[in-house]
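What's in upload_2.cif: mmCIF, C-alpha atoms and all ligand atoms
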```
data_upload
loop_
_atom_site.label_atom_id
_atom_site.label_comp_id
_atom_site.auth_asym_id
_atom_site.auth_seq_id
_atom_site.Cartn_x
_atom_site.Cartn_y
_atom_site.Cartn_z
CA MET A 1 -31.42 43.31 4.01
CA ILE A 2 -33.98 42.31 6.67
CA ASP A 3 -34.46 44.34 9.83
CA ARG A 4 -35.01 42.84 13.24
CA ALA A 5 -38.72 43.64 13.54
CA THR A 6 -39.48 42.16 10.13
CA LEU A 7 -37.47 39.03 10.93
CA GLU A 8 -39.05 38.48 14.30
CA THR A 9 -42.57 39.08 13.07
CA ARG A 10 -42.03 36.52 10.35
CA ILE A 11 -40.43 34.01 12.74
CA ALA A 12 -43.43 34.37 15.07
CA ALA A 13 -45.73 33.64 12.13
CA LEU A 14 -43.68 30.53 11.25
CA ALA A 15 -43.91 29.38 14.88
CA GLY A 16 -47.66 29.82 14.75
CA GLN A 17 -47.90 27.83 11.55
CA ILE A 18 -45.72 25.02 12.92
CA SER A 19 -47.72 24.94 16.16
CA ALA A 20 -50.95 24.58 14.18
CA ASP A 21 -49.50 21.92 11.88
CA TYR A 22 -48.19 19.86 14.81
CA ALA A 23 -51.20 20.21 17.10
CA GLY A 24 -51.58 17.06 19.18
CA ARG A 25 -48.08 15.86 18.35
CA GLN A 26 -44.75 16.40 20.06
CA PRO A 27 -42.22 17.43 17.44
CA LEU A 28 -38.49 17.17 17.92
CA PHE A 29 -36.62 20.23 16.66
CA VAL A 30 -33.09 19.46 15.55
CA ALA A 31 -31.21 22.75 15.27
CA ILE A 32 -28.01 22.90 13.28
CA LEU A 33 -25.23 24.74 15.08
CA ASN A 34 -23.78 27.28 14.97
CA GLY A 35 -25.77 29.36 12.53
CA SER A 36 -29.29 28.52 13.69
CA PHE A 37 -28.88 29.43 17.36
CA MET A 38 -30.61 32.81 17.16
CA PHE A 39 -33.34 31.66 14.78
CA VAL A 40 -34.18 28.60 16.87
CA ALA A 41 -34.25 30.63 20.09
CA GLN A 42 -36.71 33.07 18.56
CA LEU A 43 -38.75 30.32 16.92
CA MET A 44 -39.09 28.28 20.11
CA LYS A 45 -40.61 31.22 21.97
CA GLY A 46 -43.58 31.04 19.63
CA ILE A 47 -44.08 27.26 19.63
CA SER A 48 -47.18 26.42 21.65
CA VAL A 49 -47.18 22.62 21.38
CA ALA A 50 -45.15 20.38 23.68
CA CYS A 51 -41.85 19.74 21.93
CA ASP A 52 -38.25 18.71 22.32
CA VAL A 53 -35.29 20.63 20.98
CA THR A 54 -31.81 19.36 20.43
CA PHE A 55 -28.66 20.71 18.80
CA VAL A 56 -26.29 19.07 16.37
CA ARG A 57 -23.31 20.05 14.35
CA VAL A 58 -22.54 19.05 10.82
CA ALA A 59 -18.93 18.31 10.05
CA SER A 60 -17.75 18.17 6.45
CA TYR A 61 -14.83 16.09 5.37
CA GLN A 62 -13.38 14.85 2.13
CA ALA A 63 -13.91 11.08 2.17
CA THR A 64 -12.23 10.19 -1.10
CA GLU A 65 -11.55 12.05 -4.30
CA SER A 66 -14.46 10.33 -5.99
CA SER A 67 -17.08 10.49 -3.28
CA GLY A 68 -16.42 14.14 -2.53
CA VAL A 69 -17.41 15.96 0.62
CA VAL A 70 -19.34 13.97 3.20
CA LYS A 71 -21.36 15.53 5.96
CA GLU A 72 -21.40 13.89 9.34
CA ILE A 73 -24.00 14.63 12.03
CA LEU A 74 -22.34 15.18 15.38
CA GLY A 75 -24.08 15.16 18.73
CA LEU A 76 -27.43 13.56 17.91
CA THR A 77 -28.11 11.47 20.99
CA GLU A 78 -31.91 11.37 20.70
CA ASP A 79 -33.67 8.38 19.24
CA ILE A 80 -35.56 9.87 16.31
CA ARG A 81 -37.33 6.66 15.27
CA GLY A 82 -41.06 7.37 15.01
CA ARG A 83 -40.59 11.04 15.90
CA ASP A 84 -41.89 14.07 14.03
CA VAL A 85 -38.58 15.76 13.29
CA ILE A 86 -38.16 19.36 12.19
CA ILE A 87 -34.65 20.34 11.17
CA VAL A 88 -33.97 23.98 11.99
CA GLU A 89 -31.42 25.60 9.70
CA ASP A 90 -30.16 29.15 9.27
CA ILE A 91 -30.00 29.17 5.49
CA VAL A 92 -30.49 26.79 2.60
CA ASP A 93 -28.14 27.78 -0.20
CA THR A 94 -27.23 24.94 -2.58
CA GLY A 95 -29.30 22.62 -0.42
CA LEU A 96 -26.54 20.00 -0.45
CA THR A 97 -26.14 20.05 3.33
CA MET A 98 -29.85 19.55 3.92
CA PHE A 99 -30.05 16.88 1.24
CA GLU A 100 -27.36 14.78 2.91
CA LEU A 101 -28.64 15.42 6.38
CA CYS A 102 -32.20 14.45 5.48
CA GLY A 103 -30.90 11.30 3.81
CA GLN A 104 -28.99 10.31 6.93
CA LEU A 105 -31.82 11.12 9.33
CA ALA A 106 -34.33 9.27 7.15
CA THR A 107 -32.40 6.04 7.66
CA GLN A 108 -33.32 6.29 11.35
CA LYS A 109 -37.01 6.08 10.38
CA PRO A 110 -38.60 9.18 11.86
CA ASN A 111 -42.38 9.39 11.48
CA SER A 112 -41.93 12.63 9.52
CA LEU A 113 -39.05 14.87 8.57
CA LYS A 114 -39.38 18.55 7.62
CA ILE A 115 -37.06 21.50 7.25
CA ALA A 116 -37.58 24.93 8.77
CA THR A 117 -35.10 27.48 7.50
CA MET A 118 -34.83 31.15 8.28
CA LEU A 119 -33.50 32.00 4.82
CA PHE A 120 -33.69 30.27 1.48
CA LYS A 121 -31.87 31.12 -1.75
CA PRO A 122 -34.04 29.40 -4.38
CA THR A 123 -31.81 30.41 -7.27
CA ALA A 124 -28.76 28.76 -5.64
CA LEU A 125 -30.52 25.44 -5.06
CA ARG A 126 -28.75 22.44 -6.57
CA ALA A 127 -30.24 19.58 -4.59
CA ASP A 128 -33.64 17.99 -4.32
CA VAL A 129 -34.77 19.57 -1.08
CA SER A 130 -37.81 21.64 -0.41
CA PRO A 131 -38.01 23.34 2.97
CA SER A 132 -41.52 23.23 4.43
CA TYR A 133 -41.11 26.37 6.52
CA VAL A 134 -39.20 29.31 5.06
CA GLY A 135 -38.74 32.65 6.79
CA PHE A 136 -37.61 34.59 3.74
CA GLU A 137 -36.60 33.77 0.21
CA ILE A 138 -33.59 35.91 -0.66
CA ASP A 139 -31.39 36.63 -3.65
CA ASN A 140 -28.23 34.68 -4.16
CA LYS A 141 -26.03 37.01 -2.09
CA PHE A 142 -23.79 36.30 0.87
CA VAL A 143 -25.54 37.40 4.04
CA LEU A 144 -24.64 37.60 7.71
CA GLY A 145 -26.22 38.42 11.02
CA TYR A 146 -28.87 36.77 13.19
CA GLY A 147 -26.59 33.80 13.78
CA LEU A 148 -24.92 33.78 10.36
CA ASP A 149 -21.24 34.65 10.25
CA TYR A 150 -18.62 35.94 7.94
CA ASP A 151 -15.30 34.43 9.02
CA GLY A 152 -16.68 33.91 12.49
CA LEU A 153 -17.95 37.45 12.89
CA GLY A 154 -21.39 38.98 12.70
CA ARG A 155 -23.41 36.24 14.40
CA ASN A 156 -24.52 38.70 17.10
CA LEU A 157 -26.09 41.17 14.68
CA ALA A 158 -29.85 41.37 15.25
CA ALA A 159 -30.71 41.82 11.57
CA ILE A 160 -29.64 40.29 8.24
CA TYR A 161 -27.01 42.17 6.26
CA VAL A 162 -25.57 41.63 2.80
CA LEU A 163 -21.81 41.34 2.77
CA GLN A 164 -20.31 44.12 0.70
CA GLN A 165 -16.90 43.21 -0.48
CA ASP A 166 -14.92 43.02 -3.67
CA ALA A 167 -16.60 40.22 -5.57
CA PRO A 168 -17.08 37.54 -2.91
CA THR A 169 -16.97 34.36 -4.89
CA GLU A 170 -17.30 31.67 -2.30
CA THR A 171 -19.44 30.88 0.69
CA THR A 172 -17.15 31.27 3.66
CA GLY A 173 -19.75 31.07 6.39
CA GLY A 174 -19.49 28.22 8.82
CA ASN A 175 -22.34 26.15 10.10
P1 LIG B 1 -25.77 24.63 1.45
O1 LIG B 1 -25.32 23.24 1.72
O2 LIG B 1 -27.25 24.79 1.40
O3 LIG B 1 -25.10 25.19 0.21
O4 LIG B 1 -25.18 25.56 2.57
C1 LIG B 1 -25.56 25.47 3.87
C2 LIG B 1 -24.62 26.23 4.77
O5 LIG B 1 -23.75 27.15 4.08
C3 LIG B 1 -25.43 27.09 5.69
O6 LIG B 1 -25.87 26.36 6.81
C4 LIG B 1 -24.45 28.18 6.05
O7 LIG B 1 -23.63 27.75 7.10
C5 LIG B 1 -23.61 28.34 4.81
N1 LIG B 1 -24.10 29.47 3.99
C6 LIG B 1 -24.73 29.40 2.80
N2 LIG B 1 -25.04 30.63 2.33
C7 LIG B 1 -24.61 31.50 3.28
C8 LIG B 1 -24.65 32.94 3.39
O8 LIG B 1 -25.16 33.68 2.54
N3 LIG B 1 -24.09 33.46 4.52
C9 LIG B 1 -23.52 32.70 5.49
N4 LIG B 1 -23.01 33.33 6.56
N5 LIG B 1 -23.46 31.35 5.41
C10 LIG B 1 -24.01 30.76 4.32
#
```

Go through the file and emit its structure as structure tokens.
Ligand code: 5GP
Amino acid sequence: MIDRATLETRIAALAGQISADYAGRQPLFVAILNGSFMFVAQLMKGISVACDVTFVRVASYQATESSGVVKEILGLTEDIRGRDVIIVEDIVDTGLTMFELCGQLATQKPNSLKIATMLFKPTALRADVSPSYVGFEIDNKFVLGYGLDYDGLGRNLAAIYVLQQDAPTETTGGN
């Protein structure tokens, strides 16, 4: 779907834009594992302002029947109060993960909170989130590569591919 050169050119442009927007500040990048590892590595190479980068995982669990699936942020040791936080995500699909995550991070009173995502599926969006930095808007198809997996595989691919399978109905990628 997106070849390596196209991806990396676009990621470099995003890094340039973020660097300009955060001139004179010291943003904290919070990358969501596992899927964002390749995107964040490429992005960081183009960031020219002083910055911090940290990595978290998001665990989903069913709290109760009524409250549904809850996302828990694991591994955030940094104090984000007063910081300019940029969440780095591989893909925003329904947006539910980012919505919950932003809600939880906001309670810690960062100075600002933005989302940078490599891929965005606008037609799949079901939550009130709007990523500030988007690599590519894509159709509502299941993709893999460049950190994104299908059943654990494909993260090493240096381009984005569309999964071709008999009618994939569910997102089976992990974070
Ligand atoms: P959301 O909460 O926005 O629906 O989904 C976020 C997570 O679902 C992503 O971080 C990713 O792990 C997974 N996901 C959503 N769409 C895809 C996709 O097309 N491919 C893969 N591999 N994972 C996806």

What would the list of residues within 9 Å of (-30.6, 18.0, 11.9) (file frame) look like as a list in words, if only C-alpha atoms are what count?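 Final list of nearby residues, as requested, is Phe29, Val30, Ala31, Ile32, Thr54, Phe55, Val56, Arg57, Val58, Ile73, Leu76, Val85, Ile86, Ile87, Val88, Glu89, Met98, Leu101, Cys102, Leu105 and Ile115 of chain A.
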
Using only C-alpha atoms, please write the residues we just selected to a file, as a tab-separated table (two decimals), in the coordinates of the input.
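result-v1.tsv was written with the following content:
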```tsv
chain	number	residue	atom	x	y	z
A	29	PHE	CA	-36.62	20.23	16.66
A	30	VAL	CA	-33.09	19.46	15.55
A	31	ALA	CA	-31.21	22.75	15.27
A	32	ILE	CA	-28.01	22.90	13.28
A	54	THR	CA	-31.81	19.36	20.43
A	55	PHE	CA	-28.66	20.71	18.80
A	56	VAL	CA	-26.29	19.07	16.37
A	57	ARG	CA	-23.31	20.05	14.35
A	58	VAL	CA	-22.54	19.05	10.82
A	73	ILE	CA	-24.00	14.63	12.03
A	76	LEU	CA	-27.43	13.56	17.91
A	85	VAL	CA	-38.58	15.76	13.29
A	86	ILE	CA	-38.16	19.36	12.19
A	87	ILE	CA	-34.65	20.34	11.17
A	88	VAL	CA	-33.97	23.98	11.99
A	89	GLU	CA	-31.42	25.60	9.70
A	98	MET	CA	-29.85	19.55	3.92
A	101	LEU	CA	-28.64	15.42	6.38
A	102	CYS	CA	-32.20	14.45	5.48
A	105	LEU	CA	-31.82	11.12	9.33
A	115	ILE	CA	-37.06	21.50	7.25
```

Within 6 Å of ligand LIG 1 (chain B) (only C-alpha atoms and all ligand atoms), residues as an MDAnalysis selection string: chainID A and resid 90:97 141:144 148:150 171 173:175

Saved selection, atoms kept: C-alpha atoms, as a PDB file, in the coordinates of the input:
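This went into selection.pdb:
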```pdb
ATOM      1  CA  ASP A  90     -30.160  29.150   9.270  1.00  0.00           C
ATOM      2  CA  ILE A  91     -30.000  29.170   5.490  1.00  0.00           C
ATOM      3  CA  VAL A  92     -30.490  26.790   2.600  1.00  0.00           C
ATOM      4  CA  ASP A  93     -28.140  27.780  -0.200  1.00  0.00           C
ATOM      5  CA  THR A  94     -27.230  24.940  -2.580  1.00  0.00           C
ATOM      6  CA  GLY A  95     -29.300  22.620  -0.420  1.00  0.00           C
ATOM      7  CA  LEU A  96     -26.540  20.000  -0.450  1.00  0.00           C
ATOM      8  CA  THR A  97     -26.140  20.050   3.330  1.00  0.00           C
ATOM      9  CA  LYS A 141     -26.030  37.010  -2.090  1.00  0.00           C
ATOM     10  CA  PHE A 142     -23.790  36.300   0.870  1.00  0.00           C
ATOM     11  CA  VAL A 143     -25.540  37.400   4.040  1.00  0.00           C
ATOM     12  CA  LEU A 144     -24.640  37.600   7.710  1.00  0.00           C
ATOM     13  CA  LEU A 148     -24.920  33.780  10.360  1.00  0.00           C
ATOM     14  CA  ASP A 149     -21.240  34.650  10.250  1.00  0.00           C
ATOM     15  CA  TYR A 150     -18.620  35.940   7.940  1.00  0.00           C
ATOM     16  CA  THR A 171     -19.440  30.880   0.690  1.00  0.00           C
ATOM     17  CA  GLY A 173     -19.750  31.070   6.390  1.00  0.00           C
ATOM     18  CA  GLY A 174     -19.490  28.220   8.820  1.00  0.00           C
ATOM     19  CA  ASN A 175     -22.340  26.150  10.100  1.00  0.00           C
TER      20      ASN A 175
END
```

Looking at all atoms listed in the file, which of A:Ser48, A:Gly135, A:Gln108, A:Ser60 is the one that sits closest to Phe120 in chain A?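 Smallest separation from Phe120 in chain A among the options: A:Gly135.
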
How many Å separate CA of Asp84 in chain A from CA of Phe37 in chain A?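 Spanning CA of Asp84 in chain A to CA of Phe37 in chain A is a straight-line distance of 20.4 Å.
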
Please produce, as a tab-separated table, a per-residue contact table for range 64-166 of chain A versus range 6-24 of chain A (criterion: any atom at most 10 Å away, only C-alpha atoms considered), showing the nearest atom pair and its distance in Å to one decimal, sorted by chain then residue number.
```
residue	atom	partner	partner_atom	distance
A:Asp84	CA	A:Tyr22	CA	8.6
A:Ile86	CA	A:Ile18	CA	9.5
A:Ala116	CA	A:Leu14	CA	8.6
A:Thr117	CA	A:Leu14	CA	9.8
A:Met118	CA	A:Ile11	CA	7.7
A:Ser132	CA	A:Ile18	CA	9.6
A:Tyr133	CA	A:Leu14	CA	6.8
A:Val134	CA	A:Leu14	CA	7.7
A:Gly135	CA	A:Arg10	CA	6.2
A:Phe136	CA	A:Arg10	CA	8.2
A:Tyr146	CA	A:Leu7	CA	9.2
A:Ala158	CA	A:Leu7	CA	9.1
A:Ala159	CA	A:Leu7	CA	7.3
A:Ile160	CA	A:Leu7	CA	8.4
```

Excluding Arg83 in chain A and residues on its chain fewer than 4 positions from it, collect all residues at most 7 Å away from it, counting all atoms listed in the file, and give them as a compact mmCIF listing (two decimals) with C-alpha atoms, in the frame of the given file.
```txt
# COMPACT_ATOMS: atom_id res chain seq x y z
CA PRO A 27 -42.22 17.43 17.44
CA LEU A 28 -38.49 17.17 17.92
CA PRO A 110 -38.60 9.18 11.86
CA ASN A 111 -42.38 9.39 11.48
CA SER A 112 -41.93 12.63 9.52
```

Selection: 8 Å around Phe99 in chain A, only C-alpha atoms, excl. self and same-chain fewer than 5 positions, as a PyMOL selection string: chain A and resi 127-129

Tell me which protein, DNA and RNA residues are within 8 Å of Asp139 in chain A, counting only C-alpha atoms, leaving out same-chain ones fewer than 5 positions away, and put them as an MDAnalysis selection string. chainID A and resid 121:123

Just give me the gap between CA of Ala5 in chain A and CA of Leu43 in chain A in Å, one decimal is fine. 13.7 Å
